[in-house]
Every structure is written in C-alpha cells, then in structure tokens.
file run_11.cif (mmCIF, C-alpha atoms; chains and numbers go by the auth columns)
data_start
#
loop_
_atom_site.group_PDB
_atom_site.id
_atom_site.type_symbol
_atom_site.label_atom_id
_atom_site.label_comp_id
_atom_site.label_asym_id
_atom_site.label_seq_id
_atom_site.Cartn_x
_atom_site.Cartn_y
_atom_site.Cartn_z
_atom_site.B_iso_or_equiv
_atom_site.auth_seq_id
_atom_site.auth_asym_id
ATOM 1 C CA MET A 1 0.000 0.000 0.000 0.00 1 A
ATOM 2 C CA GLY A 2 3.029 2.260 0.338 0.00 2 A
ATOM 3 C CA GLU A 3 2.632 5.478 2.309 0.00 3 A
ATOM 4 C CA ALA A 4 -0.685 6.146 4.038 0.00 4 A
ATOM 5 C CA VAL A 5 -2.138 8.371 1.292 0.00 5 A
ATOM 6 C CA LEU A 6 -5.221 10.218 2.483 0.00 6 A
ATOM 7 C CA GLU A 7 -6.244 12.479 -0.360 0.00 7 A
ATOM 8 C CA GLY A 8 -9.167 14.735 0.449 0.00 8 A
ATOM 9 C CA ALA A 9 -9.244 13.709 4.099 0.00 9 A
ATOM 10 C CA VAL A 10 -9.392 16.839 6.213 0.00 10 A
ATOM 11 C CA THR A 11 -11.437 15.871 9.294 0.00 11 A
ATOM 12 C CA ASP A 12 -11.818 13.046 11.781 0.00 12 A
ATOM 13 C CA GLU A 13 -15.475 12.615 10.890 0.00 13 A
ATOM 14 C CA VAL A 14 -16.662 9.093 10.125 0.00 14 A
ATOM 15 C CA THR A 15 -19.084 9.009 7.211 0.00 15 A
ATOM 16 C CA THR A 16 -22.113 6.754 7.147 0.00 16 A
ATOM 17 C CA PRO A 17 -21.718 4.024 4.534 0.00 17 A
ATOM 18 C CA SER A 18 -24.142 3.922 1.626 0.00 18 A
ATOM 19 C CA ALA A 19 -26.297 0.905 0.812 0.00 19 A
ATOM 20 C CA ASP A 20 -23.517 -0.403 -1.426 0.00 20 A
ATOM 21 C CA THR A 21 -20.736 -1.169 1.051 0.00 21 A
ATOM 22 C CA SER A 22 -18.298 -2.709 -1.418 0.00 22 A
ATOM 23 C CA THR A 23 -14.875 -1.069 -1.593 0.00 23 A
ATOM 24 C CA THR A 24 -11.458 -1.663 -3.111 0.00 24 A
ATOM 25 C CA TYR A 25 -8.524 -3.028 -1.153 0.00 25 A
ATOM 26 C CA GLU A 26 -6.841 0.368 -1.469 0.00 26 A
ATOM 27 C CA GLU A 27 -9.864 2.235 -0.115 0.00 27 A
ATOM 28 C CA PHE A 28 -10.216 -0.277 2.669 0.00 28 A
ATOM 29 C CA GLY A 29 -6.574 0.194 3.670 0.00 29 A
ATOM 30 C CA VAL A 30 -6.856 3.983 3.848 0.00 30 A
ATOM 31 C CA ALA A 31 -10.127 3.799 5.787 0.00 31 A
ATOM 32 C CA TRP A 32 -8.649 1.226 8.181 0.00 32 A
ATOM 33 C CA ILE A 33 -5.643 3.423 9.000 0.00 33 A
ATOM 34 C CA ARG A 34 -7.854 6.480 9.536 0.00 34 A
ATOM 35 C CA ARG A 35 -10.316 4.665 11.796 0.00 35 A
ATOM 36 C CA VAL A 36 -7.732 2.771 13.838 0.00 36 A
ATOM 37 C CA LEU A 37 -5.429 5.777 14.269 0.00 37 A
ATOM 38 C CA HIS A 38 -8.073 8.415 14.911 0.00 38 A
ATOM 39 C CA LYS A 39 -7.143 11.553 16.819 0.00 39 A
ATOM 40 C CA GLU A 40 -8.408 10.652 20.281 0.00 40 A
ATOM 41 C CA ARG A 41 -6.715 7.253 20.199 0.00 41 A
ATOM 42 C CA ILE A 42 -3.426 8.821 19.143 0.00 42 A
ATOM 43 C CA LEU A 43 -3.565 11.474 21.877 0.00 43 A
ATOM 44 C CA ARG A 44 -4.450 9.057 24.660 0.00 44 A
ATOM 45 C CA THR A 45 -1.794 6.598 23.480 0.00 45 A
ATOM 46 C CA ILE A 46 0.838 9.345 23.648 0.00 46 A
ATOM 47 C CA ASP A 47 -0.285 10.126 27.204 0.00 47 A
ATOM 48 C CA GLU A 48 -0.013 6.459 28.180 0.00 48 A
ATOM 49 C CA VAL A 49 3.363 5.938 26.510 0.00 49 A
ATOM 50 C CA LEU A 50 4.958 9.007 28.096 0.00 50 A
ATOM 51 C CA GLY A 51 3.549 8.346 31.561 0.00 51 A
ATOM 52 C CA ASP A 52 3.208 10.959 34.301 0.00 52 A
ATOM 53 C CA GLN A 53 6.659 12.499 34.624 0.00 53 A
ATOM 54 C CA ILE A 54 9.978 13.058 32.915 0.00 54 A
ATOM 55 C CA ALA A 55 13.229 13.842 34.714 0.00 55 A
ATOM 56 C CA LEU A 56 16.860 14.434 33.851 0.00 56 A
ATOM 57 C CA GLY A 57 19.954 15.728 35.586 0.00 57 A
ATOM 58 C CA PRO A 58 21.784 17.227 37.119 0.00 58 A
ATOM 59 C CA ILE A 59 23.934 17.882 34.054 0.00 59 A
ATOM 60 C CA GLY A 60 26.573 20.554 33.471 0.00 60 A
ATOM 61 C CA ALA A 61 25.625 23.889 31.968 0.00 61 A
ATOM 62 C CA GLY A 62 27.384 27.084 30.994 0.00 62 A
ATOM 63 C CA PRO A 63 30.918 27.447 29.574 0.00 63 A
ATOM 64 C CA GLY A 64 32.596 24.060 29.497 0.00 64 A
ATOM 65 C CA ARG A 65 29.534 22.690 31.309 0.00 65 A
ATOM 66 C CA ALA A 66 31.325 23.637 34.523 0.00 66 A
ATOM 67 C CA PHE A 67 29.639 26.914 35.472 0.00 67 A
ATOM 68 C CA ALA A 68 26.402 25.370 36.738 0.00 68 A
ATOM 69 C CA SER A 69 24.310 22.220 36.856 0.00 69 A
ATOM 70 C CA VAL A 70 20.728 21.885 35.735 0.00 70 A
ATOM 71 C CA SER A 71 18.150 19.322 36.772 0.00 71 A
ATOM 72 C CA PHE A 72 14.650 18.971 35.448 0.00 72 A
ATOM 73 C CA VAL A 73 11.419 17.369 36.628 0.00 73 A
ATOM 74 C CA GLY A 74 8.393 17.691 34.367 0.00 74 A
ATOM 75 C CA THR A 75 4.808 16.564 34.900 0.00 75 A
ATOM 76 C CA TYR A 76 2.907 15.830 31.707 0.00 76 A
ATOM 77 C CA GLN A 77 -0.529 17.346 31.233 0.00 77 A
ATOM 78 C CA PRO A 78 -3.139 15.863 28.843 0.00 78 A
ATOM 79 C CA THR A 79 -1.989 16.045 25.250 0.00 79 A
ATOM 80 C CA THR A 80 -4.068 17.930 22.674 0.00 80 A
ATOM 81 C CA GLY A 81 -3.878 18.006 18.910 0.00 81 A
ATOM 82 C CA GLU A 82 -5.570 18.357 15.543 0.00 82 A
ATOM 83 C CA LEU A 83 -5.598 16.555 12.233 0.00 83 A
ATOM 84 C CA VAL A 84 -3.454 18.243 9.564 0.00 84 A
ATOM 85 C CA PRO A 85 -4.839 17.988 6.021 0.00 85 A
ATOM 86 C CA GLY A 86 -2.362 16.455 3.606 0.00 86 A
ATOM 87 C CA GLU A 87 -1.231 13.449 1.647 0.00 87 A
ATOM 88 C CA LEU A 88 -0.202 11.470 4.743 0.00 88 A
ATOM 89 C CA LEU A 89 -2.160 11.019 7.956 0.00 89 A
ATOM 90 C CA THR A 90 -0.652 13.755 10.130 0.00 90 A
ATOM 91 C CA TYR A 91 -1.456 15.273 13.520 0.00 91 A
ATOM 92 C CA ALA A 92 -0.195 18.524 15.027 0.00 92 A
ATOM 93 C CA ILE A 93 0.192 17.760 18.721 0.00 93 A
ATOM 94 C CA ASP A 94 0.708 20.038 21.705 0.00 94 A
ATOM 95 C CA LEU A 95 2.456 18.413 24.645 0.00 95 A
ATOM 96 C CA PRO A 96 1.976 20.521 27.821 0.00 96 A
ATOM 97 C CA ILE A 97 4.465 19.993 30.654 0.00 97 A
ATOM 98 C CA SER A 98 4.591 21.612 34.089 0.00 98 A
ATOM 99 C CA VAL A 99 8.302 21.866 34.809 0.00 99 A
ATOM 100 C CA VAL A 100 10.545 22.521 37.787 0.00 100 A
ATOM 101 C CA PHE A 101 14.092 23.515 36.805 0.00 101 A
ATOM 102 C CA GLU A 102 16.794 23.599 39.449 0.00 102 A
ATOM 103 C CA LEU A 103 19.915 25.569 38.606 0.00 103 A
ATOM 104 C CA GLY A 104 22.910 24.777 40.780 0.00 104 A
ATOM 105 C CA LEU A 105 25.453 27.621 40.931 0.00 105 A
ATOM 106 C CA PRO A 106 28.814 27.618 42.771 0.00 106 A
ATOM 107 C CA MET A 107 27.317 29.562 45.703 0.00 107 A
ATOM 108 C CA ASP A 108 23.601 29.058 45.353 0.00 108 A
ATOM 109 C CA ARG A 109 20.766 26.916 44.065 0.00 109 A
ATOM 110 C CA LEU A 110 17.851 28.508 42.245 0.00 110 A
ATOM 111 C CA THR A 111 14.466 27.017 41.401 0.00 111 A
ATOM 112 C CA PHE A 112 12.355 28.021 38.415 0.00 112 A
ATOM 113 C CA ASN A 113 8.827 26.901 37.609 0.00 113 A
ATOM 114 C CA ALA A 114 7.627 26.834 34.044 0.00 114 A
ATOM 115 C CA GLU A 115 4.589 25.980 32.004 0.00 115 A
ATOM 116 C CA VAL A 116 5.844 24.524 28.753 0.00 116 A
ATOM 117 C CA VAL A 117 4.075 23.577 25.533 0.00 117 A
ATOM 118 C CA VAL A 118 6.063 21.400 23.144 0.00 118 A
ATOM 119 C CA PRO A 119 4.598 21.235 19.612 0.00 119 A
ATOM 120 C CA LEU A 120 5.127 17.875 17.950 0.00 120 A
ATOM 121 C CA VAL A 121 4.119 16.579 14.543 0.00 121 A
ATOM 122 C CA LEU A 122 3.121 12.930 14.190 0.00 122 A
ATOM 123 C CA VAL A 123 3.150 11.467 10.691 0.00 123 A
ATOM 124 C CA VAL A 124 1.898 7.956 9.924 0.00 124 A
ATOM 125 C CA HIS A 125 3.943 6.001 7.387 0.00 125 A
ATOM 126 C CA THR A 126 3.220 2.542 5.976 0.00 126 A
ATOM 127 C CA GLU A 127 6.005 0.048 5.332 0.00 127 A
ATOM 128 C CA ALA A 128 6.098 -3.400 3.731 0.00 128 A
ATOM 129 C CA PRO A 129 4.814 -5.894 4.319 0.00 129 A
ATOM 130 C CA LEU A 130 2.302 -4.726 6.926 0.00 130 A
ATOM 131 C CA LYS A 131 3.922 -2.193 9.256 0.00 131 A
ATOM 132 C CA LEU A 132 3.044 1.244 10.557 0.00 132 A
ATOM 133 C CA ARG A 133 5.728 3.735 11.526 0.00 133 A
ATOM 134 C CA LEU A 134 4.645 6.725 13.572 0.00 134 A
ATOM 135 C CA GLU A 135 7.198 9.472 13.015 0.00 135 A
ATOM 136 C CA LEU A 136 7.401 12.083 15.788 0.00 136 A
ATOM 137 C CA ARG A 137 8.987 15.330 14.640 0.00 137 A
ATOM 138 C CA THR A 138 10.310 17.545 17.417 0.00 138 A
ATOM 139 C CA PRO A 139 10.245 21.353 17.235 0.00 139 A
ATOM 140 C CA THR A 140 13.026 23.871 16.981 0.00 140 A
ATOM 141 C CA GLU A 141 13.955 25.695 20.183 0.00 141 A
ATOM 142 C CA ASP A 142 12.049 28.863 19.298 0.00 142 A
ATOM 143 C CA GLN A 143 8.855 26.870 18.702 0.00 143 A
ATOM 144 C CA ILE A 144 8.700 25.685 22.323 0.00 144 A
ATOM 145 C CA GLY A 145 6.292 27.741 24.409 0.00 145 A
ATOM 146 C CA LEU A 146 7.720 28.569 27.829 0.00 146 A
ATOM 147 C CA VAL A 147 6.365 30.741 30.641 0.00 147 A
ATOM 148 C CA LEU A 148 9.062 30.878 33.309 0.00 148 A
ATOM 149 C CA LYS A 149 8.642 32.083 36.885 0.00 149 A
ATOM 150 C CA THR A 150 10.941 32.508 39.862 0.00 150 A
ATOM 151 C CA ASP A 151 10.231 33.866 43.334 0.00 151 A
ATOM 152 C CA THR A 152 13.720 35.250 43.966 0.00 152 A
ATOM 153 C CA ARG A 153 15.260 38.535 42.859 0.00 153 A
ATOM 154 C CA ARG A 154 18.526 36.820 41.999 0.00 154 A
ATOM 155 C CA GLY A 155 16.691 34.301 39.850 0.00 155 A
ATOM 156 C CA ALA A 156 14.899 37.094 37.974 0.00 156 A
ATOM 157 C CA MET A 157 18.189 38.916 37.413 0.00 157 A
ATOM 158 C CA LEU A 158 19.982 35.771 36.232 0.00 158 A
ATOM 159 C CA ARG A 159 17.120 35.001 33.892 0.00 159 A
ATOM 160 C CA LYS A 160 17.483 38.403 32.244 0.00 160 A
ATOM 161 C CA VAL A 161 21.284 38.620 32.152 0.00 161 A
ATOM 162 C CA ALA A 162 22.010 35.036 31.127 0.00 162 A
ATOM 163 C CA GLY A 163 19.167 34.617 28.653 0.00 163 A
ATOM 164 C CA LEU A 164 17.911 31.738 30.762 0.00 164 A
ATOM 165 C CA ASP A 165 14.726 31.157 28.777 0.00 165 A
ATOM 166 C CA ALA A 166 16.684 30.182 25.670 0.00 166 A
ATOM 167 C CA GLU A 167 19.049 27.980 27.704 0.00 167 A
ATOM 168 C CA LEU A 168 16.137 26.162 29.281 0.00 168 A
ATOM 169 C CA ARG A 169 14.462 25.664 25.894 0.00 169 A
ATOM 170 C CA ARG A 170 17.669 24.056 24.621 0.00 170 A
ATOM 171 C CA PHE A 171 17.881 21.896 27.709 0.00 171 A
ATOM 172 C CA LEU A 172 14.232 20.871 27.404 0.00 172 A
ATOM 173 C CA LEU A 173 14.681 19.902 23.769 0.00 173 A
ATOM 174 C CA LYS A 174 17.668 17.758 24.735 0.00 174 A
ATOM 175 C CA VAL A 175 15.569 16.049 27.404 0.00 175 A
ATOM 176 C CA LEU A 176 12.763 15.395 24.914 0.00 176 A
ATOM 177 C CA ASP A 177 15.104 14.041 22.226 0.00 177 A
ATOM 178 C CA THR A 178 16.650 11.702 24.807 0.00 178 A
ATOM 179 C CA GLU A 179 13.234 10.463 25.884 0.00 179 A
ATOM 180 C CA LEU A 180 11.913 9.885 22.367 0.00 180 A
ATOM 181 C CA ALA A 181 15.033 7.894 21.458 0.00 181 A
ATOM 182 C CA LYS A 182 14.381 5.322 24.188 0.00 182 A
ATOM 183 C CA ALA A 183 13.458 1.748 23.315 0.00 183 A
ATOM 184 C CA TYR A 184 9.949 1.913 24.761 0.00 184 A
ATOM 185 C CA VAL A 185 9.055 4.856 22.513 0.00 185 A
ATOM 186 C CA ARG A 186 10.532 3.147 19.458 0.00 186 A
ATOM 187 C CA LYS A 187 8.451 0.052 20.237 0.00 187 A
ATOM 188 C CA ALA A 188 5.290 2.146 20.451 0.00 188 A
ATOM 189 C CA THR A 189 5.981 3.933 17.163 0.00 189 A
ATOM 190 C CA HIS A 190 7.022 0.931 15.047 0.00 190 A
ATOM 191 C CA LEU A 191 4.035 -1.380 14.779 0.00 191 A
ATOM 192 C CA ASP A 192 4.162 -4.713 12.976 0.00 192 A
ATOM 193 C CA MET A 193 0.460 -5.203 12.378 0.00 193 A
ATOM 194 C CA GLU A 194 0.881 -8.833 11.313 0.00 194 A
ATOM 195 C CA GLU A 195 2.494 -9.665 14.664 0.00 195 A
ATOM 196 C CA LEU A 196 -0.059 -7.667 16.636 0.00 196 A
ATOM 197 C CA ILE A 197 -3.013 -9.316 14.888 0.00 197 A
ATOM 198 C CA GLU A 198 -1.430 -12.750 15.353 0.00 198 A
ATOM 199 C CA GLU A 199 -1.157 -12.148 19.099 0.00 199 A
ATOM 200 C CA ALA A 200 -4.671 -10.732 19.347 0.00 200 A
ATOM 201 C CA TRP A 201 -6.351 -13.307 17.095 0.00 201 A
ATOM 202 C CA PRO A 202 -7.544 -15.620 19.919 0.00 202 A
ATOM 203 C CA ALA A 203 -9.415 -12.675 21.448 0.00 203 A
ATOM 204 C CA PHE A 204 -10.911 -11.859 18.049 0.00 204 A
ATOM 205 C CA THR A 205 -12.109 -15.399 17.428 0.00 205 A
ATOM 206 C CA GLU A 206 -13.867 -15.498 20.795 0.00 206 A
ATOM 207 C CA GLN A 207 -16.296 -12.980 19.338 0.00 207 A
ATOM 208 C CA PHE A 208 -17.556 -15.275 16.566 0.00 208 A
ATOM 209 C CA LEU A 209 -16.453 -18.908 17.040 0.00 209 A
ATOM 210 C CA PRO A 210 -19.000 -21.335 18.543 0.00 210 A
ATOM 211 C CA ARG A 211 -18.329 -21.969 22.246 0.00 211 A
ATOM 212 C CA GLY A 212 -20.258 -25.216 22.481 0.00 212 A
ATOM 213 C CA PRO A 213 -22.812 -27.510 20.773 0.00 213 A
ATOM 214 C CA GLU A 214 -25.666 -25.120 21.527 0.00 214 A
ATOM 215 C CA ASP A 215 -23.963 -22.382 19.475 0.00 215 A
ATOM 216 C CA ARG A 216 -23.875 -24.699 16.424 0.00 216 A
ATOM 217 C CA ARG A 217 -27.614 -25.182 16.294 0.00 217 A
ATOM 218 C CA GLY A 218 -29.521 -23.381 13.588 0.00 218 A
#
call {"tool": "encode", "arguments": {"input": "run_11.cif", "output": "structure tokens"}}
result
Amino acid sequence: MGEAVLEGAVTDEVTTPSADTSTTYEEFGVAWIRRVLHKERILRTIDEVLGDQIALGPIGAGPGRAFASVSFVGTYQPTTGELVPGELLTYAIDLPISVVFELGLPMDRLTFNAEVVVPLVLVVHTEAPLKLRLELRTPTEDQIGLVLKTDTRRGAMLRKVAGLDAELRRFLLKVLDTELAKAYVRKATHLDMEELIEEAWPAFTEQFLPRGPEDRRG
C-alpha cells in the first residue's frame, strides 16, 4: 500500500456508509488506517506511553559545562492536537508539561517553575509488508512555548542577564530528544500489524467462534 495516502481527508469525521458497502482493497486500507489511528486514540496513546513524569539531571551547563548544573522534573498534562490535512495522515500535537528547573550555581541553588508547551508533529507512514511507523517530529527551540517564573530577585536577574529562557528551551529539547530515542518509545511507534493481529487473534475469534454444541444449532 506504500505510504498512508489520504487524499481529500481533512477531518476526523466518520461518514455513514451507503447501501452499497463494497470497496477496493486500497480504499479499505486507507479507511482502516484512519479509523484505527483516529485523533483521540493517538492522543491518549501518547499520554499512556509518556507516563506521568519526565526527569533528567543534574547535568553541566554554561561554559565548558562547569559553570552550573541543571536538573529537570516535568509533569505531563493531557496532550491535545488536531488533524493536519495532507497526503499522509498527520497530527499537530501540543504536549503541555509543568516543569521545575533547578539551577545549581557555585554559591547558590535557584528554582524556576515553568509551564511549557512542546509542539510535535506525528506522521503515519506505511512500510512493507504490513507495518506502521509513527514518526514524531520535534520542534526547533524557538517553537517551544515557555512561561518561566521565579520567586527570587537573583533568579529574575539571572534570567534576564544570562538569557535563561533560551538555555532552558535548549535543555528541554535535549531532554525530549533523549526520551523519544528510548526503546519503549521506538516500540510504540514501530508497529508490525501482522504480529499484533497474530497475538490478538484468539481474542478476536472469541467474538464469533462457537463456544459449544448449543452455538452450532440453527
């Protein structure tokens, strides 16, 4: 079937079939991908794959990574997103994270709280013989939404003088790239449908196979 070509598909709406329900293999394949990978299922799956929190650090920051150390704890909020019209099944996804950054300086430790929105793009690709690859494209640093707060005067001054917002965006992107490269994410984004259906087939057959002599009676 090649790539998941979805010409003319611009919404998640499911149309009511006409009286003639026959279709081609190609049409069936496109409809199957769209119905199985609908927006709500994609968003909730992302939430389940990522879990509740993400953490990294402390790691070195500043010149020679020796000036300071940065640690990061983020709590994921529910993911949102929309279908993007185009040739391939594509979703624009916003990943909100409530973040606590801790900046360790030679003589002090500062805490910053941030509300972050990371825009991702998920593109569904089809691969032979029967595989789906969900490509997650990460943003550039300036595309990451970040509202940073600190309760200390020194933190506010450091934020202004050191351009801390940009540094934290870079750090956040590094954290996200590290997380998305992990094996559990790769497993969730590379789906061998033949293997999955083989494993799930006993559960499927329970829905229609006779369970005893009484089920075989006319």
call {"tool": "atom_distance", "arguments": {"input": "run_11.cif", "atom1": "CA of Leu89 (chain A)", "atom2": "CA of Ile33 (chain A)"}}
result
8.4 Å
call {"tool": "residues_around", "arguments": {"input": "run_11.cif", "residues": "Val117 (chain A)", "least_positions_apart": "4", "cutoff": "8 Å", "atoms": "only C-alpha atoms", "output": "PyMOL selection string"}}
result
chain A and resi 94-97+144-146
call {"tool": "residues_around", "arguments": {"input": "run_11.cif", "residues": "region 188-200 of chain A", "least_positions_apart": "3", "cutoff": "12 Å", "atoms": "all atoms listed in the file", "output": "ChimeraX atom specification"}}
result
/A:32-33,36-37,42,45-50,122-136,180-185,203-207
call {"tool": "residues_around", "arguments": {"input": "run_11.cif", "residues": "region 101-108 of chain A", "least_positions_apart": "5", "cutoff": "9 Å", "atoms": "all atoms listed in the file", "output": "PyMOL selection string"}}
result
chain A and resi 58+61+67-74+113-114+168
call {"tool": "closest_residue", "arguments": {"input": "run_11.cif", "among": "A:Leu209, A:Leu43, A:Leu176, A:Val100", "to": "Pro78 (chain A)", "atoms": "only C-alpha atoms"}}
result
A:Leu43
call {"tool": "atom_distance", "arguments": {"input": "run_11.cif", "atom1": "CA of Glu141 (chain A)", "atom2": "CA of Arg170 (chain A)"}}
result
6.0 Å
call {"tool": "axis_aligned_box", "arguments": {"input": "run_11.cif", "around": "region 134-151 of chain A", "padding_each_side": "6 Å", "output": "AutoDock Vina command-line options"}}
result
--center_x 9.3 --center_y 20.3 --center_z 28.2 --size_x 21.3 --size_y 39.1 --size_z 42.3
call {"tool": "closest_residue", "arguments": {"input": "run_11.cif", "among": "A:Lys39, A:Arg217, A:Arg109, A:Arg137", "to": "Arg154 (chain A)", "atoms": "all atoms listed in the file"}}
result
A:Arg109
call {"tool": "atom_distance", "arguments": {"input": "run_11.cif", "atom1": "CA of Thr75 (chain A)", "atom2": "CA of Ile54 (chain A)"}}
result
6.6 Å
call {"tool": "closest_residue", "arguments": {"input": "run_11.cif", "among": "A:Asp151, A:Glu26, A:Glu82, A:Glu87", "to": "Leu110 (chain A)", "atoms": "only C-alpha atoms"}}
result
A:Asp151
